[in-house]
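S.K.: I am attaching a structure below and will ask some questions about it afterwards.
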Amino acid sequence: MSMKNFLAIALGILSAIGGFVDIGDLVFNTQAGATFGFQLLWVVVVGVVGIIVYSEMCGRVAAVAKRPVFDLVRERAGFGAGLSTLIASQLVNLLTCAAEIGGVAICLQLLSGLPYRLLIPLAVVALAVACWVLRFEWIERVFGYLGLGLLVFAVAAIKLHPDWGSVAHGFVPGHHTGGSLLVYLYFVVGLLGAAMTPYEVYFYSSGAVEDGWGLQELGLNKVTSMIGYGLGGFLSFSLMIVAGVLFLPQKIDPQFLGTPPLAAADTLGQVGLLLALVGILFAVGGAAIETSFSGAYNTAQFFGWRWGKKERPAAASRFTLTWVVIFALALLVVMTGYDPVKLTEYSVIFSVVALPLTYLPILLVANDRTYMGSNVNGRLANVLGVLYFIVIIAIAVAAIPLLIVTNGGQG
Amino acid sequence: MSKQAEVDIALGILDHQLVDSNGINCGKVDDLELTGLDTDSPEVVEILVGGNAWRTRGLLGRLASRLAGDAVHVPWSEVESVSSVVKLKRPASELRLDRGDPRWSRLVGKVPGS
């Protein structure tokens with residue numbers, strides 16, 4: 001492998017790590033840690049393997065057949081079911097985008113001291129300008145690399161000297177203590193949903209088509225999805241461990257987004273706080289862009305429009321207007337003053353419901369030789385793909401009842 | 001794949017991406033017009049794109065078609081090839097498949113850098 005290729009892969013991995021965590025992971029991992037300590041770490045592993053399996057699959061389909069996810073949804077589900085999936089995914093994208101924007105505004109507020117309501121429109125304008133001005137790979141890089149500030153939580157987790165025995169124990173599912181079974185299950189569903197959010201596969205596969213992936217990128221696809229998302233999972237572990245050590249004993253319920261950065265400040269001082277805030281700001285800001293773009297990708301791919309950052313904005317005008325409108329609607333949602341943490345919880349739980357119709361077409365097409373030739377799923381991809389599809393259906397059915405019964409994990 | 005090859009039209013053509021001779025996306029195969037269904041060799045005559053082509057596509061399709069205009073009819077003879085996309089022989093503008101983006105591009109074009 002040449003030095004240049006190695007560098008490209010390393011950079012891809014770095015931005016995948018930085019881009020892994022979004023507001024859903026932040027909220028659910030810290031709340032799970034504050035409620036159940038390390039006992040839910042195993043769920044993060046299950047979720048991370050799930051997103052690896054399906055993003056590898058849709059990256060491979062994008063590289064071989066050049067078809068992004070919503071092309072497949074339309075082709076396999078047809079017009080009616082495809083349109084239902086589109087509408088559901090758009091609602092989830094919008095809600096998620098709003099939650100991420102709320103997160104950006106809170107970070108800016110903590111950094112600047114300016115009023116939250118003023119910072120919301122500023123955040124949206126800044127994100128929209130970044131989308132307009134930056135090329136696709138630079139959007140990925142800027143937000144991915146600066147999102148690496150989140151690594152401060154990994155350092156904090158180690159410096160807090162958790163009881164590593166109980167941390168290891170958390171990777172094995174079993175009896176739980178500290179809350180009711182229903183609350184425990186609510187967090188299982190939420191953590192899986194946060195790790196496997198549908199917009200990640202929409203964005204990943206459309207991004208692969210944008211980057212012009214071909215057969216020679218199949219290796220890059222494997223490495224980015226496995227190592228990038230795999231290491232990204234370590235950030236989720238760190239968040240849960242930090243919350244388990246600091247918040248659980250003191251019964252702190254991190255219902256405010258400013259709470260996790262305080263954990264970094266507690267162990268690493270001012271620098272820790274600053275790195276945590278910058279990390280969250282860019283991780284969450286990047287996710288806001290990914291959700292608004294996913295909305296535009298999905299709509300354009302469903303109706304067969306021109307799409308992509310590679311097109312001039314005026315040439316692909318319907319695509320451009322769609323992501324602008326999603327930002328504008330998300331702005332309205334956040335401006336209502338509704339709590340971003342609550343928005344996040346709803347967006348993650350509703351996204352779980354939209355998962356099956358997103359993942360099934362990927363699984364079907366990744367097995368179709370007319371699209372994939374010799375690059376169809378191997379046995380491992382199929383065993384895991386089917387297994388995860390069953391898991392997804394189970395959590396999709398359980399998600400909303402659990403949200404209602406547990407009052408959003410409050411018990 | 002040549003046009004003569006065996007293709008499952010429900011799985012291999014319907015709902016697929018249309019791409020014009022310049023490689024530009026120009027809609028989906030929303031419906032197909034067939035003839036000779038009562039004979040041994042039915043044939044695809046036309047591809048229907050957009051608007052009221054959706055009315056045959058279930059309840060949501062009927063609703064969506066009410067909000068949209070007329071479908072564009074593309075004769076099957078305009079099809080160059082069928083693979084994971086349906087490739088056309090001519091540019092979208094010559095087949096009246098270019099009406100969507102230009103309608104909005106004047107608005108988007110007002111922003112610098114567009």
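Ordering of the structure tokens sets the chain letters (A, B, ...), residue numbers begin anew at 1 in every chain, and ligands are numbered from 1 in the order given.
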Any idea what's packed within 10 Å of segment 14-26 of chain B, counting only C-alpha atoms, ignoring anything in its chain fewer than 5 positions away? Could you give it as number ranges by chain?

M.R.: A: 67, 71-79, 82, 300-307, 316; B: 8-9, 31-32, 47-49, 78-80, 82-101

S.K.: Those same residues, written as a compact mmCIF listing (two decimals), in the first residue's frame with N, CA and C atoms?

M.R.:
```txt
# COMPACT_ATOMS: atom_id res chain seq x y z
N ARG A 67 -25.47 2.42 -6.38
CA ARG A 67 -26.82 2.79 -5.94
C ARG A 67 -26.81 3.14 -4.45
N ASP A 71 -32.40 4.70 -3.37
CA ASP A 71 -32.66 4.07 -4.66
C ASP A 71 -33.13 2.64 -4.43
N LEU A 72 -32.44 1.98 -3.49
CA LEU A 72 -32.77 0.58 -3.20
C LEU A 72 -34.13 0.46 -2.53
N VAL A 73 -34.43 1.40 -1.62
CA VAL A 73 -35.72 1.38 -0.94
C VAL A 73 -36.83 1.49 -1.99
N ARG A 74 -36.66 2.44 -2.91
CA ARG A 74 -37.68 2.64 -3.95
C ARG A 74 -37.79 1.41 -4.85
N GLU A 75 -36.65 0.85 -5.25
CA GLU A 75 -36.68 -0.29 -6.18
C GLU A 75 -37.30 -1.52 -5.54
N ARG A 76 -37.00 -1.75 -4.27
CA ARG A 76 -37.44 -2.98 -3.64
C ARG A 76 -38.79 -2.86 -2.94
N ALA A 77 -39.06 -1.68 -2.36
CA ALA A 77 -40.32 -1.53 -1.62
C ALA A 77 -41.43 -1.02 -2.54
N GLY A 78 -41.07 -0.49 -3.71
CA GLY A 78 -42.07 0.06 -4.62
C GLY A 78 -42.47 1.48 -4.22
N PHE A 79 -43.45 2.04 -4.93
CA PHE A 79 -43.80 3.44 -4.70
C PHE A 79 -44.47 3.66 -3.35
N GLY A 82 -42.35 2.56 -0.31
CA GLY A 82 -41.16 3.44 -0.37
C GLY A 82 -41.49 4.85 0.08
N ALA A 300 -34.42 13.12 -3.09
CA ALA A 300 -33.93 13.15 -4.47
C ALA A 300 -33.82 11.74 -5.04
N GLN A 301 -33.35 10.81 -4.22
CA GLN A 301 -33.20 9.44 -4.72
C GLN A 301 -34.56 8.76 -4.90
N PHE A 302 -35.53 9.11 -4.07
CA PHE A 302 -36.86 8.51 -4.23
C PHE A 302 -37.50 8.98 -5.53
N PHE A 303 -37.38 10.28 -5.85
CA PHE A 303 -38.05 10.81 -7.05
C PHE A 303 -37.16 10.81 -8.29
N GLY A 304 -35.87 10.43 -8.11
CA GLY A 304 -34.99 10.34 -9.27
C GLY A 304 -34.41 11.67 -9.73
N TRP A 305 -34.29 12.65 -8.80
CA TRP A 305 -33.73 13.95 -9.16
C TRP A 305 -32.20 13.90 -9.26
N ARG A 306 -31.63 14.99 -9.79
CA ARG A 306 -30.18 15.18 -9.69
C ARG A 306 -29.88 15.47 -8.23
N TRP A 307 -28.77 14.96 -7.73
CA TRP A 307 -28.46 15.21 -6.32
C TRP A 307 -26.96 15.18 -6.09
N ALA A 316 -28.78 21.29 -9.36
CA ALA A 316 -29.59 20.33 -8.59
C ALA A 316 -30.45 21.13 -7.62
N ASP B 8 -36.96 -9.17 -15.53
CA ASP B 8 -38.20 -9.15 -14.77
C ASP B 8 -38.61 -7.68 -14.66
N ILE B 9 -39.68 -7.29 -15.40
CA ILE B 9 -39.94 -5.84 -15.47
C ILE B 9 -40.37 -5.26 -14.14
N ASP B 31 -44.18 4.14 -13.99
CA ASP B 31 -45.15 3.16 -14.46
C ASP B 31 -44.75 2.74 -15.87
N LEU B 32 -45.31 1.63 -16.32
CA LEU B 32 -45.00 1.15 -17.67
C LEU B 32 -46.30 0.91 -18.43
N ILE B 47 -42.53 4.34 -21.09
CA ILE B 47 -42.24 4.55 -19.67
C ILE B 47 -43.00 5.80 -19.27
N LEU B 48 -43.68 5.73 -18.12
CA LEU B 48 -44.38 6.92 -17.62
C LEU B 48 -43.61 7.49 -16.43
N VAL B 49 -43.39 8.79 -16.47
CA VAL B 49 -42.56 9.43 -15.44
C VAL B 49 -43.32 10.56 -14.76
N GLU B 78 -36.70 4.82 -26.98
CA GLU B 78 -35.68 5.78 -26.53
C GLU B 78 -34.72 5.18 -25.52
N VAL B 79 -34.98 3.93 -25.13
CA VAL B 79 -34.13 3.31 -24.10
C VAL B 79 -32.87 2.73 -24.73
N GLU B 80 -31.73 3.15 -24.18
CA GLU B 80 -30.44 2.68 -24.68
C GLU B 80 -30.10 1.33 -24.03
N VAL B 82 -30.64 -1.27 -20.13
CA VAL B 82 -31.21 -1.47 -18.80
C VAL B 82 -30.18 -2.20 -17.95
N SER B 83 -29.70 -1.54 -16.91
CA SER B 83 -28.83 -2.23 -15.94
C SER B 83 -29.41 -1.91 -14.57
N SER B 84 -28.60 -1.45 -13.62
CA SER B 84 -29.22 -1.02 -12.35
C SER B 84 -29.91 0.33 -12.56
N VAL B 85 -29.65 0.97 -13.72
CA VAL B 85 -30.41 2.15 -14.12
C VAL B 85 -30.97 1.93 -15.53
N VAL B 86 -31.96 2.75 -15.89
CA VAL B 86 -32.48 2.69 -17.26
C VAL B 86 -31.88 3.89 -18.01
N LYS B 87 -31.00 3.58 -18.94
CA LYS B 87 -30.27 4.64 -19.65
C LYS B 87 -31.00 5.01 -20.93
N LEU B 88 -31.15 6.32 -21.17
CA LEU B 88 -31.89 6.79 -22.35
C LEU B 88 -30.92 7.21 -23.46
N LYS B 89 -31.44 7.25 -24.69
CA LYS B 89 -30.58 7.55 -25.84
C LYS B 89 -30.33 9.03 -26.03
N ARG B 90 -31.23 9.88 -25.49
CA ARG B 90 -31.13 11.32 -25.76
C ARG B 90 -31.06 12.13 -24.47
N PRO B 91 -30.67 13.42 -24.58
CA PRO B 91 -30.66 14.26 -23.38
C PRO B 91 -32.08 14.44 -22.83
N ALA B 92 -32.18 14.65 -21.51
CA ALA B 92 -33.48 14.79 -20.84
C ALA B 92 -34.34 15.88 -21.49
N SER B 93 -33.69 16.99 -21.91
CA SER B 93 -34.46 18.12 -22.45
C SER B 93 -35.24 17.72 -23.71
N GLU B 94 -34.67 16.84 -24.52
CA GLU B 94 -35.36 16.44 -25.75
C GLU B 94 -36.53 15.51 -25.48
N LEU B 95 -36.59 14.95 -24.27
CA LEU B 95 -37.67 14.02 -23.93
C LEU B 95 -38.64 14.65 -22.93
N ARG B 96 -38.51 15.95 -22.72
CA ARG B 96 -39.34 16.71 -21.76
C ARG B 96 -39.19 16.19 -20.32
N LEU B 97 -38.01 15.69 -20.00
CA LEU B 97 -37.78 15.16 -18.65
C LEU B 97 -36.96 16.13 -17.81
N ASP B 98 -36.83 17.38 -18.25
CA ASP B 98 -35.93 18.31 -17.55
C ASP B 98 -36.70 19.45 -16.91
N ARG B 99 -37.98 19.19 -16.57
CA ARG B 99 -38.80 20.33 -16.14
C ARG B 99 -38.69 20.67 -14.66
N GLY B 100 -38.12 19.77 -13.87
CA GLY B 100 -38.12 19.98 -12.42
C GLY B 100 -37.12 21.02 -11.93
N ASP B 101 -35.83 20.73 -12.10
CA ASP B 101 -34.82 21.61 -11.52
C ASP B 101 -34.81 23.03 -12.08
```

S.K.: Considering only C-alpha atoms, return as a PDB file with N, CA and C atoms, in the first residue's frame whatever protein or nucleic-acid residues lie within 12 Å of Thr320 of chain A, sequence-local ones (same chain, fewer than 6 positions apart) excluded.

M.R.:
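Dumped to part_6.pdb:
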```pdb
ATOM      1  N   ALA A 128     -25.415  26.090   7.604  1.00  0.00           N
ATOM      2  CA  ALA A 128     -25.849  26.175   6.209  1.00  0.00           C
ATOM      3  C   ALA A 128     -24.742  26.779   5.340  1.00  0.00           C
ATOM      4  N   CYS A 131     -22.169  24.185   4.694  1.00  0.00           N
ATOM      5  CA  CYS A 131     -22.645  23.253   3.663  1.00  0.00           C
ATOM      6  C   CYS A 131     -22.517  23.844   2.269  1.00  0.00           C
ATOM      7  N   TRP A 132     -22.808  25.150   2.174  1.00  0.00           N
ATOM      8  CA  TRP A 132     -22.807  25.801   0.867  1.00  0.00           C
ATOM      9  C   TRP A 132     -21.385  25.956   0.335  1.00  0.00           C
ATOM     10  N   SER A 292     -29.615  16.782   7.681  1.00  0.00           N
ATOM     11  CA  SER A 292     -30.314  17.596   6.679  1.00  0.00           C
ATOM     12  C   SER A 292     -29.975  17.090   5.276  1.00  0.00           C
ATOM     13  N   PHE A 293     -28.708  16.710   5.075  1.00  0.00           N
ATOM     14  CA  PHE A 293     -28.335  16.155   3.769  1.00  0.00           C
ATOM     15  C   PHE A 293     -29.003  14.810   3.520  1.00  0.00           C
ATOM     16  N   SER A 294     -29.094  13.982   4.571  1.00  0.00           N
ATOM     17  CA  SER A 294     -29.762  12.692   4.386  1.00  0.00           C
ATOM     18  C   SER A 294     -31.186  12.910   3.902  1.00  0.00           C
ATOM     19  N   GLY A 295     -31.860  13.906   4.475  1.00  0.00           N
ATOM     20  CA  GLY A 295     -33.215  14.210   4.049  1.00  0.00           C
ATOM     21  C   GLY A 295     -33.270  14.560   2.571  1.00  0.00           C
ATOM     22  N   ALA A 296     -32.292  15.357   2.125  1.00  0.00           N
ATOM     23  CA  ALA A 296     -32.260  15.758   0.714  1.00  0.00           C
ATOM     24  C   ALA A 296     -31.857  14.585  -0.178  1.00  0.00           C
ATOM     25  N   TYR A 297     -30.891  13.796   0.274  1.00  0.00           N
ATOM     26  CA  TYR A 297     -30.491  12.608  -0.498  1.00  0.00           C
ATOM     27  C   TYR A 297     -31.686  11.686  -0.702  1.00  0.00           C
ATOM     28  N   THR A 299     -34.978  12.187  -0.501  1.00  0.00           N
ATOM     29  CA  THR A 299     -36.046  12.700  -1.354  1.00  0.00           C
ATOM     30  C   THR A 299     -35.622  12.644  -2.814  1.00  0.00           C
ATOM     31  N   ALA A 300     -34.416  13.116  -3.089  1.00  0.00           N
ATOM     32  CA  ALA A 300     -33.926  13.150  -4.471  1.00  0.00           C
ATOM     33  C   ALA A 300     -33.824  11.741  -5.043  1.00  0.00           C
ATOM     34  N   TRP A 305     -34.294  12.652  -8.802  1.00  0.00           N
ATOM     35  CA  TRP A 305     -33.729  13.955  -9.164  1.00  0.00           C
ATOM     36  C   TRP A 305     -32.202  13.899  -9.259  1.00  0.00           C
ATOM     37  N   ARG A 306     -31.626  14.985  -9.795  1.00  0.00           N
ATOM     38  CA  ARG A 306     -30.176  15.181  -9.686  1.00  0.00           C
ATOM     39  C   ARG A 306     -29.879  15.465  -8.229  1.00  0.00           C
ATOM     40  N   TRP A 307     -28.770  14.957  -7.728  1.00  0.00           N
ATOM     41  CA  TRP A 307     -28.457  15.206  -6.318  1.00  0.00           C
ATOM     42  C   TRP A 307     -26.956  15.185  -6.089  1.00  0.00           C
ATOM     43  N   GLY A 308     -26.568  15.778  -4.984  1.00  0.00           N
ATOM     44  CA  GLY A 308     -25.186  15.664  -4.524  1.00  0.00           C
ATOM     45  C   GLY A 308     -24.482  16.997  -4.420  1.00  0.00           C
ATOM     46  N   LYS A 309     -23.477  17.023  -3.548  1.00  0.00           N
ATOM     47  CA  LYS A 309     -22.648  18.212  -3.409  1.00  0.00           C
ATOM     48  C   LYS A 309     -21.798  18.414  -4.660  1.00  0.00           C
ATOM     49  N   LYS A 310     -21.573  17.336  -5.424  1.00  0.00           N
ATOM     50  CA  LYS A 310     -20.748  17.451  -6.627  1.00  0.00           C
ATOM     51  C   LYS A 310     -21.459  18.264  -7.711  1.00  0.00           C
ATOM     52  N   GLU A 311     -22.778  18.360  -7.620  1.00  0.00           N
ATOM     53  CA  GLU A 311     -23.548  19.167  -8.586  1.00  0.00           C
ATOM     54  C   GLU A 311     -23.512  20.643  -8.165  1.00  0.00           C
ATOM     55  N   ARG A 312     -23.630  21.542  -9.131  1.00  0.00           N
ATOM     56  CA  ARG A 312     -23.800  22.948  -8.753  1.00  0.00           C
ATOM     57  C   ARG A 312     -25.147  23.086  -8.037  1.00  0.00           C
ATOM     58  N   PRO A 313     -25.195  23.905  -6.951  1.00  0.00           N
ATOM     59  CA  PRO A 313     -26.463  24.014  -6.213  1.00  0.00           C
ATOM     60  C   PRO A 313     -27.642  24.397  -7.106  1.00  0.00           C
ATOM     61  N   ALA A 314     -27.423  25.263  -8.094  1.00  0.00           N
ATOM     62  CA  ALA A 314     -28.533  25.684  -8.941  1.00  0.00           C
ATOM     63  C   ALA A 314     -28.926  24.597  -9.939  1.00  0.00           C
ATOM     64  N   ILE A 326     -35.036  21.716   5.204  1.00  0.00           N
ATOM     65  CA  ILE A 326     -34.923  20.895   6.420  1.00  0.00           C
ATOM     66  C   ILE A 326     -34.237  21.694   7.536  1.00  0.00           C
ATOM     67  N   PHE A 327     -33.171  22.424   7.183  1.00  0.00           N
ATOM     68  CA  PHE A 327     -32.532  23.286   8.182  1.00  0.00           C
ATOM     69  C   PHE A 327     -33.530  24.313   8.726  1.00  0.00           C
TER      70      PHE A 327
ATOM     71  N   ASP B 101     -35.832  20.726 -12.101  1.00  0.00           N
ATOM     72  CA  ASP B 101     -34.819  21.609 -11.518  1.00  0.00           C
ATOM     73  C   ASP B 101     -34.813  23.033 -12.079  1.00  0.00           C
ATOM     74  N   TRP B 104     -36.795  25.744 -10.272  1.00  0.00           N
ATOM     75  CA  TRP B 104     -36.314  26.286  -8.990  1.00  0.00           C
ATOM     76  C   TRP B 104     -34.921  26.878  -9.087  1.00  0.00           C
ATOM     77  N   SER B 105     -34.250  26.654 -10.201  1.00  0.00           N
ATOM     78  CA  SER B 105     -32.831  27.045 -10.240  1.00  0.00           C
ATOM     79  C   SER B 105     -32.659  28.563 -10.273  1.00  0.00           C
ATOM     80  N   LEU B 107     -34.342  30.662  -8.465  1.00  0.00           N
ATOM     81  CA  LEU B 107     -34.349  31.045  -7.049  1.00  0.00           C
ATOM     82  C   LEU B 107     -33.022  30.702  -6.380  1.00  0.00           C
ATOM     83  N   VAL B 108     -32.595  29.457  -6.559  1.00  0.00           N
ATOM     84  CA  VAL B 108     -31.340  29.024  -5.925  1.00  0.00           C
ATOM     85  C   VAL B 108     -30.160  29.790  -6.508  1.00  0.00           C
ATOM     86  N   GLY B 109     -30.250  30.103  -7.800  1.00  0.00           N
ATOM     87  CA  GLY B 109     -29.143  30.777  -8.494  1.00  0.00           C
ATOM     88  C   GLY B 109     -28.873  32.193  -7.994  1.00  0.00           C
ATOM     89  N   VAL B 111     -28.254  32.977  -5.004  1.00  0.00           N
ATOM     90  CA  VAL B 111     -27.260  32.934  -3.927  1.00  0.00           C
ATOM     91  C   VAL B 111     -25.866  32.862  -4.552  1.00  0.00           C
ATOM     92  N   SER B 114     -23.586  29.675  -6.392  1.00  0.00           N
ATOM     93  CA  SER B 114     -24.454  28.583  -6.795  1.00  0.00           C
ATOM     94  C   SER B 114     -24.158  28.144  -8.229  1.00  0.00           C
TER      95      SER B 114
END
```

S.K.: Any idea what's packed within 12 Å of segment 62-69 of chain B, counting only C-alpha atoms, ignoring anything in its chain fewer than 2 positions away? Could you give it as a PDB file with C-alpha atoms, in the first residue's frame?

M.R.:
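around.pdb was written with the following content:
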```
ATOM      1  CA  PHE A  79     -43.802   3.441  -4.705  1.00  0.00           C
ATOM      2  CA  GLY A  80     -46.307   3.122  -1.843  1.00  0.00           C
ATOM      3  CA  LEU A  83     -43.069   6.711   0.033  1.00  0.00           C
ATOM      4  CA  SER A  84     -44.174   5.687   3.541  1.00  0.00           C
ATOM      5  CA  PHE A 303     -38.048  10.811  -7.045  1.00  0.00           C
TER       6      PHE A 303
ATOM      7  CA  ASP B  30     -42.961   5.350 -12.270  1.00  0.00           C
ATOM      8  CA  VAL B  49     -42.563   9.426 -15.444  1.00  0.00           C
ATOM      9  CA  GLY B  50     -43.953  11.566 -12.628  1.00  0.00           C
ATOM     10  CA  GLY B  51     -47.338  13.132 -11.932  1.00  0.00           C
ATOM     11  CA  ASN B  52     -50.388  11.015 -12.598  1.00  0.00           C
ATOM     12  CA  ALA B  53     -48.218   7.982 -13.399  1.00  0.00           C
ATOM     13  CA  TRP B  54     -48.321   7.482  -9.609  1.00  0.00           C
ATOM     14  CA  ARG B  55     -52.086   6.997  -9.518  1.00  0.00           C
ATOM     15  CA  THR B  56     -51.756   3.270 -10.145  1.00  0.00           C
ATOM     16  CA  ARG B  57     -49.245   2.914  -7.298  1.00  0.00           C
ATOM     17  CA  GLY B  58     -51.375   2.322  -4.251  1.00  0.00           C
ATOM     18  CA  LEU B  59     -53.210   4.665  -1.913  1.00  0.00           C
ATOM     19  CA  LEU B  60     -50.284   7.032  -1.284  1.00  0.00           C
ATOM     20  CA  ALA B  71     -46.947  12.203 -16.495  1.00  0.00           C
ATOM     21  CA  VAL B  72     -44.278  12.410 -19.185  1.00  0.00           C
ATOM     22  CA  ARG B  99     -38.800  20.332 -16.136  1.00  0.00           C
ATOM     23  CA  GLY B 100     -38.115  19.976 -12.417  1.00  0.00           C
TER      24      GLY B 100
END
```

S.K.: Could you pull out the residues in segment 98-193 of chain A that DSSP calls helix (DSSP H, G or I) from the backbone, as a PyMOL selection string?

M.R.: chain A and resi 98-112+116-133+136-159+164-169+181-193

S.K.: What gap, in Å, lies between atom CA of Phe36 of chain A and atom CA of Gly385 of chain A?

M.R.: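 So the two atoms, atom CA of Phe36 of chain A and atom CA of Gly385 of chain A, lie 29.0 Å apart.
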
S.K.: For Pro112 of chain B, which residue among A:Leu7, A:Ile101, A:Val129, A:Val21 is the nearest when counting only C-alpha atoms?

M.R.: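 Once distances to Pro112 of chain B are computed over only C-alpha atoms, the minimum belongs to A:Val129.
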
S.K.: Could you give me, as a ChimeraX atom specification, the residues within 12 Å of Ser89 of chain A, counting only C-alpha atoms and dropping anything in the same chain fewer than 3 positions from it?

M.R.: /A:70,73,82-86,92-97,197-202,291-292,294-299,302,347-348,350-358

S.K.: For atom CA of Pro42 of chain B and atom CA of Lys28 of chain B, quote the distance in Å rounded to one decimal.

M.R.: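 Taking atom CA of Pro42 of chain B as the start and atom CA of Lys28 of chain B as the end point, the length is 21.8 Å.
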
S.K.: Please provide as a list in words all residues within 12 Å of His175 of chain A, with the sequence filter that same-chain residues fewer than 4 positions apart are discarded (counting only C-alpha atoms).

M.R.: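 Listed by chain and then number, they are Phe36, Gln39, Leu40, His169, Gly170, Gly179, Ser180, Leu181 and Tyr184 of chain A.
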
S.K.: Pull C-alpha atoms from the residues just selected and write them as a PDB file, in the first residue's frame.

M.R.:
```pdb
ATOM      1  CA  PHE A  36     -27.219   1.612  35.402  1.00  0.00           C
ATOM      2  CA  GLN A  39     -24.206  -2.670  33.112  1.00  0.00           C
ATOM      3  CA  LEU A  40     -25.291  -1.640  29.612  1.00  0.00           C
ATOM      4  CA  HIS A 169     -18.663  -7.369  33.725  1.00  0.00           C
ATOM      5  CA  GLY A 170     -20.749  -4.764  31.889  1.00  0.00           C
ATOM      6  CA  GLY A 179     -33.789   0.316  37.968  1.00  0.00           C
ATOM      7  CA  SER A 180     -36.833  -1.598  36.760  1.00  0.00           C
ATOM      8  CA  LEU A 181     -36.662  -4.119  33.944  1.00  0.00           C
ATOM      9  CA  TYR A 184     -33.444  -1.241  31.510  1.00  0.00           C
TER      10      TYR A 184
END
```

S.K.: Name all residues at most 8 Å from Leu160 of chain A (count only C-alpha atoms; drop same-chain ones fewer than 6 positions away) and give them as a list in words.

M.R.: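 In the requested form, the answer reads Val242, Val245 and Thr267 of chain A.
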
S.K.: Calculate how many Å separate atom CA of Leu268 of chain A from atom CA of Phe153 of chain A, rounding to one decimal.

M.R.: 9.5 Å

S.K.: Could you tell me, as a ChimeraX atom specification, which residues of chain B DSSP assigns to strand (DSSP E or B) when given the backbone?

M.R.: /B:17-19,25-28,31-35,43-49,72-75,79-82,85-88
